[in-house]
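Undergrad: Can you keep this structure in mind? I'll have questions shortly.
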Amino acid sequence: MDIRLALSNLLDKLQPGKFQLDKYRLDNFQLKGFQLDAAGLVALADLQSIARWTAITGTSSFMDMLFLAPGIHKQSSAPSLSGGELPPTGALTSGYVFRVENEATVHFLQSVGKTGNLINLVVDSPPATAMETLRCLVGSPGKIPLFLYAIGQTLTVAVIIILILFEDWWALAILAMWISARFCNIWSIRRRSHIGWKGKAEPGANGDLLILLTQDRWIRLRGTVDDLKAVTSGQWLRDKTLFDELLITFSTLVVYLSAVLSANSSTVGSLCLLWLLLVSAGLLELCTGLSNGLQMYGRMLRVVGKPIPYARRLDLAKELIQETGRDDWAVGLGLILTSKDRGDGSVLL
């Protein structure tokens with residue numbers, strides 16, 4: 001009798017309807033003791049990852065809208081990544097001395113340069129066939145960075161699906177605001193990244209440049225003259241028009257507004273947004289760090305060989321003078337003195 005009575009009481013407690021889970025909903029009450037307000041503030045972090053990726057790829061694709069990381073509103077500042085450096089450059093084939101004006105190229109050279117070492121790079125001409133285009137796309141920035149970037153885009157789609165299932169419309173609205181901000185910045189970058197003035201065409205001529213970066217980093221860049229001009233001369237992104245300014249201003253305000261509204265999302269929604277931003281930021285840093293080269297107007301700029309160390313700049317200058325058979329470029333760069341100015345004083349550098 002006692003066993004029957006106990007079973008009867010247990011069945012009464014387990015009546016249908018006593019235990020119900022709200023379909024696809026998980027609110028703050030179910031995460032009692034844990035609160036996460038204004039996770040959207042992370043989007044305002046002053047990170048330059050998106051801007052660096054823009055500089056590496058030379059432009060921006062509308063598919064980039066699906067990659068969301070802190071610093072969305074900083075993409076338009078990509079030209080400032082070079083720090084305003086305009087490295088002096090000598091043409092080893094003609095003796096002319098000038099400066100590299102392309103900010104994205106300067107930033108890439110800064111990233112691959114090494115103090116006291118000569119780094120050799122080449123510029124590949126634009127691909128002529130579809131297979132060459134695919135090879136160029138995979139070669140720069142590389143297979144691993146492209147794979148990691150695709151993961152970041154997939155994560156955004158996954159978070160959108162999760163927020164829809166949980167019916168967290170505030171979090172979904174914040175995500176839509178970030179995507180719209182990315183769209184505006186991408187639109188502006190694409191409008192400004194068309195190739196402009198690059199000097200007079202010199203088809204068939206080959207060029208050889210020695211670029212002197214700060215901190216005694218030396219770069220030797222080779223390719224056809226037209227390809228070298230495309231990646232070193234003129235502007236990378238043209239000056240912003242009024243419409244570009246409006247796009248950038250709107251995207252910046254949208255990102256800040258999303259931070260204000262993010263407190264309205266549920267704890268789960270805030271966690272999803274925070275997780276998306278943090279993981280995407282890490283993936284994007286890996287993408288930029290593992291990139292194999294720079295894309296610019298269909299050309300690919302890449303490193304060849306290993307760094308070559310030199311005890312002093314004069315050793316580098318003498319070796320290149322002997323190789324090229326001329327020293328006017330070295331005089332113009334200040335690496336050596338002219339014959340009449342040379343003395344018997346000790347060499348310092």
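Labels for the structure tokens follow display order: chains A, B, ..., residues from 1 in each chain, ligands from 1.
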Enumerate the residues of region 12-253 of chain A with a DSSP assignment of strand (DSSP E), computed from the backbone, and present them as an mmCIF file with N, CA and C atoms, in the first residue's frame.
TA:
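For reference, out_19.cif as written:
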```cif
data_model
loop_
_atom_site.group_PDB
_atom_site.id
_atom_site.type_symbol
_atom_site.label_atom_id
_atom_site.label_comp_id
_atom_site.auth_asym_id
_atom_site.auth_seq_id
_atom_site.Cartn_x
_atom_site.Cartn_y
_atom_site.Cartn_z
ATOM 1 N N PRO A 88 61.697 57.523 -49.083
ATOM 2 C CA PRO A 88 62.479 57.833 -50.291
ATOM 3 C C PRO A 88 62.807 56.562 -51.055
ATOM 4 N N THR A 89 62.775 56.671 -52.372
ATOM 5 C CA THR A 89 62.933 55.504 -53.242
ATOM 6 C C THR A 89 63.861 55.850 -54.393
ATOM 7 N N GLY A 90 64.766 54.937 -54.681
ATOM 8 C CA GLY A 90 65.670 55.118 -55.804
ATOM 9 C C GLY A 90 65.419 54.083 -56.880
ATOM 10 N N ALA A 91 65.335 54.540 -58.131
ATOM 11 C CA ALA A 91 65.179 53.623 -59.263
ATOM 12 C C ALA A 91 66.561 53.150 -59.688
ATOM 13 N N VAL A 97 65.193 59.521 -58.141
ATOM 14 C CA VAL A 97 64.826 59.375 -56.732
ATOM 15 C C VAL A 97 63.471 60.050 -56.520
ATOM 16 N N PHE A 98 62.559 59.355 -55.861
ATOM 17 C CA PHE A 98 61.223 59.891 -55.607
ATOM 18 C C PHE A 98 60.711 59.284 -54.307
ATOM 19 N N ARG A 99 59.436 59.389 -54.047
ATOM 20 C CA ARG A 99 58.840 58.838 -52.825
ATOM 21 C C ARG A 99 57.663 57.927 -53.174
ATOM 22 N N ASN A 117 67.874 44.729 -42.452
ATOM 23 C CA ASN A 117 67.740 43.662 -43.446
ATOM 24 C C ASN A 117 67.134 44.209 -44.733
ATOM 25 N N LEU A 118 67.543 43.591 -45.845
ATOM 26 C CA LEU A 118 66.950 43.889 -47.145
ATOM 27 C C LEU A 118 65.891 42.839 -47.447
ATOM 28 N N ILE A 119 64.679 43.295 -47.732
ATOM 29 C CA ILE A 119 63.565 42.408 -48.068
ATOM 30 C C ILE A 119 63.282 42.545 -49.558
ATOM 31 N N ASN A 120 63.248 41.433 -50.263
ATOM 32 C CA ASN A 120 62.978 41.432 -51.703
ATOM 33 C C ASN A 120 61.496 41.164 -51.961
ATOM 34 N N LEU A 121 60.901 41.994 -52.805
ATOM 35 C CA LEU A 121 59.506 41.832 -53.192
ATOM 36 C C LEU A 121 59.375 41.960 -54.703
ATOM 37 N N VAL A 122 58.311 41.374 -55.225
ATOM 38 C CA VAL A 122 57.998 41.500 -56.647
ATOM 39 C C VAL A 122 56.539 41.916 -56.795
ATOM 40 N N VAL A 123 56.249 42.564 -57.915
ATOM 41 C CA VAL A 123 54.878 42.931 -58.265
ATOM 42 C C VAL A 123 54.457 42.092 -59.456
ATOM 43 N N ASP A 124 53.431 41.284 -59.279
ATOM 44 C CA ASP A 124 52.909 40.468 -60.373
ATOM 45 C C ASP A 124 51.902 41.270 -61.186
ATOM 46 N N ASN A 206 61.115 47.099 -67.595
ATOM 47 C CA ASN A 206 61.220 46.523 -66.262
ATOM 48 C C ASN A 206 61.835 47.536 -65.303
ATOM 49 N N GLY A 207 61.412 47.470 -64.055
ATOM 50 C CA GLY A 207 61.892 48.403 -63.044
ATOM 51 C C GLY A 207 62.465 47.689 -61.839
ATOM 52 N N ASP A 208 63.306 48.410 -61.097
ATOM 53 C CA ASP A 208 63.963 47.873 -59.908
ATOM 54 C C ASP A 208 64.113 49.026 -58.925
ATOM 55 N N LEU A 209 63.439 48.949 -57.782
ATOM 56 C CA LEU A 209 63.412 50.049 -56.825
ATOM 57 C C LEU A 209 64.040 49.645 -55.502
ATOM 58 N N LEU A 210 64.748 50.583 -54.884
ATOM 59 C CA LEU A 210 65.236 50.433 -53.518
ATOM 60 C C LEU A 210 64.499 51.450 -52.657
ATOM 61 N N ILE A 211 63.775 50.960 -51.667
ATOM 62 C CA ILE A 211 62.936 51.806 -50.815
ATOM 63 C C ILE A 211 63.522 51.819 -49.409
ATOM 64 N N LEU A 212 63.723 53.008 -48.865
ATOM 65 C CA LEU A 212 64.298 53.167 -47.530
ATOM 66 C C LEU A 212 63.200 53.558 -46.549
ATOM 67 N N LEU A 213 62.823 52.614 -45.698
ATOM 68 C CA LEU A 213 61.834 52.884 -44.667
ATOM 69 C C LEU A 213 62.524 53.366 -43.399
ATOM 70 N N ARG A 217 64.909 49.967 -42.344
ATOM 71 C CA ARG A 217 64.313 48.824 -43.037
ATOM 72 C C ARG A 217 64.422 49.093 -44.532
ATOM 73 N N TRP A 218 64.986 48.140 -45.264
ATOM 74 C CA TRP A 218 65.277 48.340 -46.686
ATOM 75 C C TRP A 218 64.484 47.345 -47.523
ATOM 76 N N ILE A 219 63.861 47.859 -48.561
ATOM 77 C CA ILE A 219 62.995 47.064 -49.431
ATOM 78 C C ILE A 219 63.491 47.179 -50.866
ATOM 79 N N ARG A 220 63.606 46.042 -51.544
ATOM 80 C CA ARG A 220 63.899 46.039 -52.976
ATOM 81 C C ARG A 220 62.675 45.501 -53.692
ATOM 82 N N LEU A 221 62.120 46.310 -54.576
ATOM 83 C CA LEU A 221 60.860 45.993 -55.239
ATOM 84 C C LEU A 221 61.079 45.943 -56.746
ATOM 85 N N ARG A 222 60.717 44.800 -57.354
ATOM 86 C CA ARG A 222 60.941 44.615 -58.781
ATOM 87 C C ARG A 222 59.656 44.231 -59.505
ATOM 88 N N GLY A 223 59.611 44.571 -60.790
ATOM 89 C CA GLY A 223 58.463 44.279 -61.641
ATOM 90 C C GLY A 223 58.508 45.160 -62.872
ATOM 91 N N THR A 224 57.466 45.111 -63.681
ATOM 92 C CA THR A 224 57.418 46.021 -64.821
ATOM 93 C C THR A 224 57.204 47.447 -64.313
#
```
Undergrad: Counting only C-alpha atoms, what is within 10 Å of Phe108 (chain A), bar same-chain residues fewer than 2 positions away, as a PyMOL selection string?
TA: chain A and resi 52+55-56+81-82+103-106+110-113+293-294+301-302
Undergrad: Go through A:Glu167, A:Arg312, A:Lys74, A:Gly83 and flag the residue nearest Thr249 (chain A), using only C-alpha atoms for the distances.
TA: A:Lys74
Undergrad: Restricting the calculation to only C-alpha atoms: of A:Gly84, A:Arg135, A:Gln153, A:Leu175, which residue gets closest to Leu284 (chain A)?
TA: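 Distance minimum relative to Leu284 (chain A) lands on A:Gln153.
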Undergrad: Hey, which of A:Leu277, A:Ile144, A:Ala78, A:Ile151 ends up closest to Ile189 (chain A)? Count only C-alpha atoms.
TA: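 With only C-alpha atoms as the atom set, the closest residue is A:Ala78.
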Undergrad: Pick from A:Trp329, A:Thr338, A:Leu316, A:Gly289: nearest to Gly142 (chain A), with only C-alpha atoms counted?
TA: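 Closest to Gly142 (chain A) of all the choices is A:Gly289.
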Undergrad: May I ask for the distance between CA of Ser262 (chain A) and CA of Gly40 (chain A), given in Å to one decimal place?
TA: 5.3 Å
Undergrad: For Ile179 (chain A), which of A:Asp239, A:Asp244, A:Asp327, A:Asp64 is the closest residue, counting only C-alpha atoms?
TA: A:Asp64
Undergrad: What's the separation between CA of Pro203 (chain A) and CA of Ser125 (chain A), in Å to one decimal place?
TA: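 About the pair CA of Pro203 (chain A) and CA of Ser125 (chain A): they are 11.7 Å apart.
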Undergrad: Interatomic distance between CA of Met65 (chain A) and CA of Ser180 (chain A)?
TA: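 Atom-to-atom, CA of Met65 (chain A) to CA of Ser180 (chain A), that is 7.7 Å.
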Undergrad: Would you please work out which residue, of A:Ala317, A:Ile161, A:Leu44, A:Ile248, is nearest to Gln75 (chain A) when using only C-alpha atoms?
TA: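 Among A:Ala317, A:Ile161, A:Leu44, A:Ile248, it is A:Ile248 that comes nearest to Gln75 (chain A).
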Undergrad: Env of Val100 (chain A): 6 Å cut, atoms = only C-alpha atoms, seq-sep filter 2 positions within chain, self excluded. Answer as a PyMOL selection string.
TA: chain A and resi 86-87+102+232
Undergrad: Assign secondary structure with DSSP using the backbone only, and return the residues of region 144-289 of chain A in alpha helix (DSSP H) as an MDAnalysis selection string.
TA: chainID A and resid 144:166 169:192 225:232 242:261 267:289
Undergrad: Which residues come within 10 Å of Gly199 (chain A), counting only C-alpha atoms, excluding same-chain residues fewer than 6 positions away, as a PyMOL selection string?
TA: chain A and resi 226+229-230+233-234
